[in-house]
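One structure below.
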Amino acid sequence: MITPANGDYCDVSPHGSSGQRDRDYALLEGIQTTGSIIMLAVGLFLLIYLWTNHLRINSLSLVLTNTGILVMVAGYLLVLIAGTAANTSC
């Protein structure tokens, strides 16, 4: 993860203080988590929309679109799990 000070978590000097370092990493974790949750919600909404309108959509298009959405959701789920499971101890 890149912080505004471009430092690694255990290196306090680029951040100026451990408090600033903690704020930088808390901000980035919040952005990463919020973005992933929003994208998971969008993916879920799109799947619901597709399945409620499945009679109007070509079968091949429905399968390809569902596959693409599921891949996207899996990627954001991976980002969410990796971001929240990170250990920030030195």
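For the structure tokens, the naming scheme is as follows: chains receive sequential letters (A, B, ...) according to their order of presentation, residues are indexed from 1 within each chain, and ligands are indexed from 1 in presentation order.
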
Would you kindly return, as a PyMOL selection string, each protein, DNA or RNA residue with an atom no farther than 12 Å from any atom of segment 75-81 of chain A, considering only C-alpha atoms and excluding same-chain residues fewer than 6 positions away?
chain A and resi 1+29-44+68-69

Could you dump the residues just selected with N, CA, C and O atoms as an mmCIF file, in the first residue's frame?
```
data_model
loop_
_atom_site.group_PDB
_atom_site.id
_atom_site.type_symbol
_atom_site.label_atom_id
_atom_site.label_comp_id
_atom_site.auth_asym_id
_atom_site.auth_seq_id
_atom_site.Cartn_x
_atom_site.Cartn_y
_atom_site.Cartn_z
ATOM 1 N N MET A 1 0.826 -1.170 0.000
ATOM 2 C CA MET A 1 0.000 0.000 0.000
ATOM 3 C C MET A 1 0.876 1.241 0.000
ATOM 4 O O MET A 1 1.872 1.294 0.677
ATOM 5 N N GLU A 29 -6.817 2.073 4.767
ATOM 6 C CA GLU A 29 -7.625 0.882 5.040
ATOM 7 C C GLU A 29 -9.109 1.208 4.883
ATOM 8 O O GLU A 29 -9.866 0.414 4.330
ATOM 9 N N GLY A 30 -9.514 2.383 5.336
ATOM 10 C CA GLY A 30 -10.912 2.784 5.184
ATOM 11 C C GLY A 30 -11.312 2.938 3.734
ATOM 12 O O GLY A 30 -12.397 2.505 3.317
ATOM 13 N N ILE A 31 -10.445 3.556 2.937
ATOM 14 C CA ILE A 31 -10.726 3.728 1.509
ATOM 15 C C ILE A 31 -10.822 2.372 0.819
ATOM 16 O O ILE A 31 -11.741 2.120 0.030
ATOM 17 N N GLN A 32 -9.889 1.490 1.112
ATOM 18 C CA GLN A 32 -9.873 0.168 0.491
ATOM 19 C C GLN A 32 -11.115 -0.635 0.878
ATOM 20 O O GLN A 32 -11.758 -1.250 0.030
ATOM 21 N N THR A 33 -11.474 -0.613 2.143
ATOM 22 C CA THR A 33 -12.633 -1.371 2.609
ATOM 23 C C THR A 33 -13.925 -0.795 2.051
ATOM 24 O O THR A 33 -14.778 -1.538 1.560
ATOM 25 N N THR A 34 -14.068 0.517 2.094
ATOM 26 C CA THR A 34 -15.288 1.155 1.590
ATOM 27 C C THR A 34 -15.459 0.905 0.098
ATOM 28 O O THR A 34 -16.560 0.568 -0.364
ATOM 29 N N GLY A 35 -14.373 1.058 -0.661
ATOM 30 C CA GLY A 35 -14.446 0.811 -2.107
ATOM 31 C C GLY A 35 -14.836 -0.620 -2.430
ATOM 32 O O GLY A 35 -15.659 -0.870 -3.323
ATOM 33 N N SER A 36 -14.279 -1.565 -1.702
ATOM 34 C CA SER A 36 -14.602 -2.974 -1.942
ATOM 35 C C SER A 36 -16.053 -3.273 -1.606
ATOM 36 O O SER A 36 -16.736 -3.989 -2.343
ATOM 37 N N ILE A 37 -16.544 -2.721 -0.511
ATOM 38 C CA ILE A 37 -17.940 -2.959 -0.125
ATOM 39 C C ILE A 37 -18.889 -2.349 -1.155
ATOM 40 O O ILE A 37 -19.895 -2.967 -1.530
ATOM 41 N N ILE A 38 -18.568 -1.158 -1.631
ATOM 42 C CA ILE A 38 -19.413 -0.528 -2.652
ATOM 43 C C ILE A 38 -19.434 -1.372 -3.918
ATOM 44 O O ILE A 38 -20.497 -1.603 -4.513
ATOM 45 N N MET A 39 -18.275 -1.853 -4.349
ATOM 46 C CA MET A 39 -18.229 -2.649 -5.572
ATOM 47 C C MET A 39 -18.926 -3.997 -5.401
ATOM 48 O O MET A 39 -19.546 -4.503 -6.340
ATOM 49 N N LEU A 40 -18.855 -4.591 -4.211
ATOM 50 C CA LEU A 40 -19.605 -5.825 -3.959
ATOM 51 C C LEU A 40 -21.108 -5.553 -4.033
ATOM 52 O O LEU A 40 -21.865 -6.354 -4.583
ATOM 53 N N ALA A 41 -21.547 -4.424 -3.496
ATOM 54 C CA ALA A 41 -22.968 -4.066 -3.555
ATOM 55 C C ALA A 41 -23.409 -3.825 -4.998
ATOM 56 O O ALA A 41 -24.503 -4.249 -5.397
ATOM 57 N N VAL A 42 -22.573 -3.162 -5.788
ATOM 58 C CA VAL A 42 -22.890 -2.931 -7.199
ATOM 59 C C VAL A 42 -22.993 -4.265 -7.934
ATOM 60 O O VAL A 42 -23.924 -4.483 -8.727
ATOM 61 N N GLY A 43 -22.071 -5.162 -7.679
ATOM 62 C CA GLY A 43 -22.113 -6.483 -8.313
ATOM 63 C C GLY A 43 -23.372 -7.253 -7.949
ATOM 64 O O GLY A 43 -24.016 -7.870 -8.804
ATOM 65 N N LEU A 44 -23.753 -7.206 -6.679
ATOM 66 C CA LEU A 44 -24.968 -7.875 -6.231
ATOM 67 C C LEU A 44 -26.201 -7.251 -6.897
ATOM 68 O O LEU A 44 -27.094 -7.961 -7.365
ATOM 69 N N GLY A 68 -18.786 -12.519 -15.828
ATOM 70 C CA GLY A 68 -17.964 -11.327 -15.621
ATOM 71 C C GLY A 68 -18.231 -10.673 -14.275
ATOM 72 O O GLY A 68 -17.303 -10.259 -13.573
ATOM 73 N N ILE A 69 -19.491 -10.578 -13.903
ATOM 74 C CA ILE A 69 -19.840 -9.973 -12.615
ATOM 75 C C ILE A 69 -19.320 -10.824 -11.465
ATOM 76 O O ILE A 69 -18.795 -10.301 -10.471
#
```

When DSSP is applied to the backbone of this structure, which of chain A are assigned helix (DSSP H, G or I)? Write them out as an MDAnalysis selection string.
chainID A and resid 18:52 54:56 59:84

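Minimum distance to Val71 of chain A across A:Asp22, A:Gly83, A:Leu47, A:His54 (counting only C-alpha atoms) occurs at A:Leu47.
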
Enter the distance from atom CA of Ala85 of chain A to atom CA of Leu46 of chain A, in Å, rounded to one decimal.
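So the two atoms, atom CA of Ala85 of chain A and atom CA of Leu46 of chain A, lie 27.3 Å apart.
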